[in-house]
Structure formats: C-alpha cells, structure tokens
Amino acid sequence: MLTSLAIRDVVLIEHLDLRFEPGLCVLTGETGAGKSILLDSLGLAMGARAEARLVRHGSERASVTADFDLPLQHPVIEMLETHGITTEGGEILLRRVLGKDGKSRAFVNDQPVSIGMLRQIGELIVEIHGQFDNQRLLNPTHHKTILDTYGGYRDVMAMVSSTFVSWQAKAKEKAQLEQEIEIARRDEEFLRHAVDELEKLAPEPGEESKLAAKRALMMHGEQLMSAMNDALGHLRMNNGADDRLQKAARELGRVAEKAENRLDGVIGILDRAINETAEAINQLERVSQNLDLDPNELETAEERLFALRALARKHNVLVDDLSDLTKRLSHNLRAVEDGAARLLVLRREETEARQAYVAVSTQLTERRKLAAISLDKSVSAELVALKLGKALFLTELSPLAEDGWSASGMDRVFFLVATNPGNPPGPLNKIASGGEMARFMLALKVVLAESDPVATLVFDEVDAGVGGAVAAAVGERLVRLAESNQILVVTHSPQVAARGNTHWRVAKSPTNEARDGGEELRIATSVSSLDAGQRKEEIARMLAGAQVTDEARAAADSLLAGAVP
C-alpha cells in the first residue's frame, strides 16, 4: 500500500507531505482546487510521462517521492533484488525528479534506475483509473492474463506451456537437421573428397610441432655428427684429454708419499675429472648411436609436414585443427547418409508434439470461453447498479494464426464495450467517456478483486455524472474493494465521500512569496486531513454548494451514519 507521498514544486503545490492509511481514502474539493495535480504527481512517481509544465513556476525542479509498504513475496521485491537494489522489509521508495527543461531522473530506494523500470514497478503496485489511458486493464496485451487469472485453470495453462516448449524443441531440432542435410547435400561431392583426403592423411593434434622439431634436427645432422666425432677424438685419442688426465694422475701418484699428503686433494680432483670425462665419452657415444640421421627419414618428415600445412591452408584452418575438421566434415557427410532416416523420426515426433499442444490448447480455449461468459455476466451485473445497465461488456476470443501460437495458447483476448444499444462494441478507451470508463474499471475491479489484486487503486471521479442511488452503489463497491486493496478516490459525490475511512480536502488559497526584495501573490494548493466535524461540514458543502445549510448538515449526518458498517 501507499504509505506516504511527498510533493515538491509541482504546478501549484510548493511543499506537501501526505500520509495514507489502509482502506478507502477519499479526496474532495471544489472544481479546479488541484485534485488532478495530486494524481499527476502520483503518476510522475509511477513513471508516467513527464512534462516541463508540471514544474512550479519559478522553481528549477519538481520532485515526487512515493513510499510503499509491500508484502515480502510481492513480485516487485524479486524484481529489485534481480537488479541489485536492496530493500528493508517490504518498503519501496520511488522518487522522480523533473527539471524545468523537461528532463527527469528516477530513483528506487535512492538508487538511480531507468524511467522504463520505474514504470514497470508502478504498473505492478498502482492502478490509476479515469485519468490515464495506460491502465493495465485498458491494455489488450494484458487481457488474456487477466481472463486466465480470473478463470483459475492453472493446471491446463501449465500443460499448454509444457507441451508448447516440447513442440518447439522438436521443431528446432528438426529444422537444424534439415539445414544440415541441405548443406551436406549441396556440398556432398566436396565433402566426400575432403573427408577421404583428410582420413588418408590422418592428422593428429600437436603433430606439426613434433615434425618441425624433427626436421630441424635432421637438417643439422652432419654438423652435429662432425662436432660429436671431433669432441670424442679430443677426449679419447692418444694425447687426448682422457689420456693426459690419466698420465698426470699417474705422475703425481708416484710422488704422493714424498709430498706428505700435500697432493692428495689434487689427485682426488684429477680422479673425478677422469670419471666425468669417461661419462661424457659414454653419453656422446650413446647420442651418436641413437641419432637417426637417415636422409630418407628427413625426406619423409618433410613430405608429411608440408602435406599437413598445405591441407590446412586449403581449408583455412590451423594444422592442429585438421583433426577436428575431419570429425566435423565426417559428421556432415553422415548427415547425408544417415540423416534421412533420422529426419523421418524427428518429423513424426514434431507432429506428435504439435498435436499434443493443439489438444491441450483447445481445452484451454474452451475453459477461456466459459470464463469469458462468467466474467461478462459478473461485470454486467455490476454495471446495472452503476447506471450502465444498457452498456455491453464483452470478452472476445479470436483464434491466432499458427505463427502467433505461444506458451499461453492459440487465442487472442480482447475486452470490448458498447455504451449504447445497437452500437458495435469496441475498445474501452475508444468507446467510453471518462466517467463511463472509470465505472467500467470499477465494475471490472470489483469482479477481479480476488483474482487480480493490486496494492493501491486510484479512481478519478468514478462517480462523474451520477448521483443518488447510483453514487451510493459506487460507494458500496469502493468499500468492497477496500477490504482487500487500498483505494484512493477523487470524488464530487457526498455519498461516496461518506464511505471513506479517511478524508482529505483539497483547496486553493492565495499565498505571499518573496520575489526580488518584494512579495508576490501566488495561488497554492493545499491538502488537509479532516476530523469528524470538518468532514461533516465538507460533505454538507458537497450537498448544498457554497451556502451550507442546517438541512445539508443533517443530510451529511445521515450519510455518515449510513456509511458506518
């Protein structure tokens, strides 16, 4: 519900803070007092279109802040969490700031959001009837959902949704296979040649780098062998490193005792050097023996490396991707060879899935027809008491073309009205006048109260052009709605005003404002919460006009007494 509304510098309102209670809240006042400004302000906070004219003359900007208290399971709470906007309990703070240049900014819980998101939130928590043409009930895109919610056949709707998803999955799989087969057939000759060429070569991932390394090694084979042979010669020939080390060790060994152990360290070093040299000779011999430098092997490695690279260039892929290319082209070729049989299976499965969807969607259509009859009958019953007994409310179902079928069925749903007998029905916002539209909306909301609840409902002059028993009937229905919703109603009817739980009076009054060292007389709108005595006087004024009489006060007492349950 709406708990408070703070308005700053909107048209004739300089500074206004209102706190609202649950139930039915009525706003009254003389024509032109500024009641519409309150609704414009609330609409601004809900994401309605902003116009520079709303900024109070002489001000740089206008702002409206609407505070709501919502149940924790309300879809708006989940929406905000999805967008990373934190909430404390169920409190939601919507704020709109409008500059005199017509540009505006939106905030939710003091975090900036788009105007579109603000509008989405507003549509979920407030409906304003009679003032704007964008109410959810007037938007045909919502009519199917409203009828389905009223009908209460969720089990059938769930079946329609699941069978539609299954059908679309089969249709997508079939279409994908048909595309693969078409591509494969178009390129079949190329595919057969390419797969045969790739399979004969049998490329493997990482093979290019191994062959390149082997080729580089073999290309330097003669130089490597020459260097290793020269090294072995220097190490093991007569007068080579090994021979000289051994001779040096023997010479020192013969005189070691005479040196009184002074040569032991040197002899140890020479012994280790002899051992390391022997190990070096052994490793060089092993490398020399294991090094395969057959020229034929070099030629074979080069031929395969060049063949792999040529094939990769031909298919415009990396050499390491040739293995995956082989698998992919082989799969496409098998699509030609094996796809026909698989396609027959998929076509049969897709047909069966479509038939299942059509079957349950047909059930849903029949349920919708029954719900439409019930909805039309219930709304018509409400219209009689609201002095619209000659009007026709009609829920029209029409079949959609197959390309319009969806998870919500095969039907298009419209709410249509005809306000005069003999006239063809048409869209509510095109056929009904402002007062008639508000009463149609009231009748609809009374019927949909349990199945389509909205936190706060606003009715602007729902009682326009009616009085007496009809106005009393309007008040009774607003009271019924207020049992499950917060209702704000702008009214000129004393019968409706008497039914409110709370009562606000909107008035215009002159005020002096400082301007460049002087004072300027301005008109400002004010809103007052009425106590019991003030409320009686206001209802008497609504009954009698400018001159309030004792008879009007007595009638006001009677209305207020009759409104007490």
# chains A, B, ... in the order shown; residues from 1 in each chain; ligands from 1
$ residues_around --residues "A:Leu80" --least-positions-apart "5" --cutoff "10 Å" --atoms "only C-alpha atoms" --output "number ranges by chain"
A: 75, 85-87, 92, 108-109, 117, 121
$ residues_around --residues "A:Ile267" --least-positions-apart "2" --cutoff "12 Å" --atoms "only C-alpha atoms" --output "list in words"
Leu245, Gln246, Lys247, Ala248, Ala249, Arg250, Glu251, Leu252, Gly253, Arg254, Val255, Ala256, Ala259, Asn261, Arg262, Leu263, Asp264, Gly265, Ile269, Leu270, Asp271, Arg272, Ala273 and Ile274 of chain A
$ write_last_selection --atoms "C-alpha atoms" --output "short mmCIF file (atom, residue, chain, number, x, y, z; two decimals), in the first residue's frame"
data_model
loop_
_atom_site.label_atom_id
_atom_site.label_comp_id
_atom_site.auth_asym_id
_atom_site.auth_seq_id
_atom_site.Cartn_x
_atom_site.Cartn_y
_atom_site.Cartn_z
CA LEU A 245 94.47 -36.66 -17.30
CA GLN A 246 95.46 -40.25 -16.59
CA LYS A 247 99.13 -39.50 -17.22
CA ALA A 248 99.00 -36.52 -14.89
CA ALA A 249 97.34 -38.61 -12.16
CA ARG A 250 100.00 -41.35 -12.51
CA GLU A 251 102.91 -38.89 -12.27
CA LEU A 252 101.53 -37.36 -9.10
CA GLY A 253 100.69 -40.76 -7.64
CA ARG A 254 104.32 -41.83 -7.81
CA VAL A 255 105.48 -38.95 -5.64
CA ALA A 256 102.41 -38.58 -3.42
CA ALA A 259 104.77 -34.86 -0.63
CA ASN A 261 99.69 -35.75 1.62
CA ARG A 262 100.01 -32.32 0.07
CA LEU A 263 99.00 -33.70 -3.35
CA ASP A 264 96.01 -35.76 -2.16
CA GLY A 265 93.50 -33.03 -2.99
CA ILE A 269 90.28 -33.75 -8.37
CA LEU A 270 92.07 -35.47 -11.23
CA ASP A 271 90.34 -38.78 -10.41
CA ARG A 272 86.96 -37.10 -10.52
CA ALA A 273 87.86 -35.35 -13.77
CA ILE A 274 88.87 -38.74 -15.27
#
$ residues_around --residues "A:Glu538" --least-positions-apart "2" --cutoff "9 Å" --atoms "only C-alpha atoms" --output "PyMOL selection string"
chain A and resi 28-29+494+505+530+533-536+540-543+556
$ write_last_selection --atoms "N, CA, C and O atoms" --output "mmCIF file, in the first residue's frame"
data_model
loop_
_atom_site.group_PDB
_atom_site.id
_atom_site.type_symbol
_atom_site.label_atom_id
_atom_site.label_comp_id
_atom_site.auth_asym_id
_atom_site.auth_seq_id
_atom_site.Cartn_x
_atom_site.Cartn_y
_atom_site.Cartn_z
ATOM 1 N N THR A 28 -11.661 15.203 -1.723
ATOM 2 C CA THR A 28 -12.724 16.069 -2.222
ATOM 3 C C THR A 28 -12.212 17.489 -2.325
ATOM 4 O O THR A 28 -11.138 17.830 -1.828
ATOM 5 N N GLY A 29 -13.003 18.330 -2.947
ATOM 6 C CA GLY A 29 -12.652 19.744 -3.098
ATOM 7 C C GLY A 29 -13.396 20.315 -4.283
ATOM 8 O O GLY A 29 -13.915 19.586 -5.137
ATOM 9 N N PRO A 494 -21.141 13.242 -2.435
ATOM 10 C CA PRO A 494 -21.184 13.113 -0.971
ATOM 11 C C PRO A 494 -21.456 11.675 -0.536
ATOM 12 O O PRO A 494 -20.982 11.246 0.513
ATOM 13 N N ARG A 505 -9.297 16.995 2.116
ATOM 14 C CA ARG A 505 -9.892 18.101 1.360
ATOM 15 C C ARG A 505 -8.776 18.854 0.640
ATOM 16 O O ARG A 505 -7.772 19.246 1.241
ATOM 17 N N LEU A 530 -9.227 15.728 7.323
ATOM 18 C CA LEU A 530 -10.405 16.215 8.034
ATOM 19 C C LEU A 530 -10.737 15.335 9.232
ATOM 20 O O LEU A 530 -10.734 14.106 9.132
ATOM 21 N N GLY A 533 -15.748 16.517 12.633
ATOM 22 C CA GLY A 533 -16.530 17.742 12.440
ATOM 23 C C GLY A 533 -16.265 18.363 11.083
ATOM 24 O O GLY A 533 -17.198 18.807 10.385
ATOM 25 N N GLN A 534 -14.998 18.443 10.696
ATOM 26 C CA GLN A 534 -14.639 19.028 9.410
ATOM 27 C C GLN A 534 -15.186 18.185 8.253
ATOM 28 O O GLN A 534 -15.606 18.708 7.220
ATOM 29 N N ARG A 535 -15.186 16.889 8.464
ATOM 30 C CA ARG A 535 -15.690 16.000 7.424
ATOM 31 C C ARG A 535 -17.194 16.215 7.214
ATOM 32 O O ARG A 535 -17.682 16.258 6.074
ATOM 33 N N LYS A 536 -17.933 16.362 8.323
ATOM 34 C CA LYS A 536 -19.371 16.631 8.228
ATOM 35 C C LYS A 536 -19.613 17.929 7.462
ATOM 36 O O LYS A 536 -20.492 18.009 6.587
ATOM 37 N N ALA A 540 -21.513 18.365 3.853
ATOM 38 C CA ALA A 540 -22.625 19.308 3.764
ATOM 39 C C ALA A 540 -22.387 20.293 2.629
ATOM 40 O O ALA A 540 -23.318 20.657 1.890
ATOM 41 N N ARG A 541 -21.153 20.777 2.490
ATOM 42 C CA ARG A 541 -20.834 21.682 1.381
ATOM 43 C C ARG A 541 -21.060 21.002 0.036
ATOM 44 O O ARG A 541 -21.591 21.608 -0.921
ATOM 45 N N MET A 542 -20.690 19.716 -0.052
ATOM 46 C CA MET A 542 -20.873 18.971 -1.296
ATOM 47 C C MET A 542 -22.360 18.809 -1.617
ATOM 48 O O MET A 542 -22.766 18.779 -2.784
ATOM 49 N N LEU A 543 -23.199 18.738 -0.564
ATOM 50 C CA LEU A 543 -24.646 18.590 -0.763
ATOM 51 C C LEU A 543 -25.314 19.919 -1.112
ATOM 52 O O LEU A 543 -26.192 19.980 -1.984
ATOM 53 N N ALA A 556 -25.808 15.377 5.847
ATOM 54 C CA ALA A 556 -24.438 14.855 5.973
ATOM 55 C C ALA A 556 -24.348 13.883 7.131
ATOM 56 O O ALA A 556 -23.706 12.816 7.031
#
$ select_by_dssp --residues "stretch 30-178 of chain A" --states "alpha helix (DSSP H)" --output "ChimeraX atom specification"
/A:35-45,75-82,115-125,140-151,154-178
$ closest_residue --among "A:Val319, A:Cys25, A:Leu386, A:Val160" --to "A:Ala359" --atoms "only C-alpha atoms"
A:Val160
$ closest_residue --among "A:Ser484, A:Lys387, A:Leu211, A:Ala356" --to "A:Arg309" --atoms "only C-alpha atoms"
A:Leu211
$ atom_distance --atom1 "atom CA of A:Asn275" --atom2 "atom CA of A:Leu232"
14.9 Å
$ select_by_dssp --residues "stretch 29-162 of chain A" --states "strand (DSSP E)" --output "ChimeraX atom specification"
/A:61-69,91-99,104-108,111-113,126-129
$ atom_distance --atom1 "atom CA of A:Lys377" --atom2 "atom CA of A:Leu416"
13.6 Å
$ residues_around --residues "A:Leu388" --least-positions-apart "6" --cutoff "9 Å" --atoms "only C-alpha atoms" --output "list in words"
Ser380, Glu382, Thr419, Glu436, Arg439 and Phe440 of chain A
$ closest_residue --among "A:Glu21, A:Glu188, A:Glu207, A:Asp411" --to "A:Ala301" --atoms "only C-alpha atoms"
A:Glu207
$ closest_residue --among "A:Arg96, A:Arg367, A:Arg412, A:His83" --to "A:Ala6" --atoms "only C-alpha atoms"
A:Arg96
$ closest_residue --among "A:Phe164, A:Phe415, A:Ala184, A:Trp504" --to "A:Thr141" --atoms "only C-alpha atoms"
A:Phe415
$ atom_distance --atom1 "atom CA of A:Gly23" --atom2 "atom CA of A:Val446"
14.5 Å
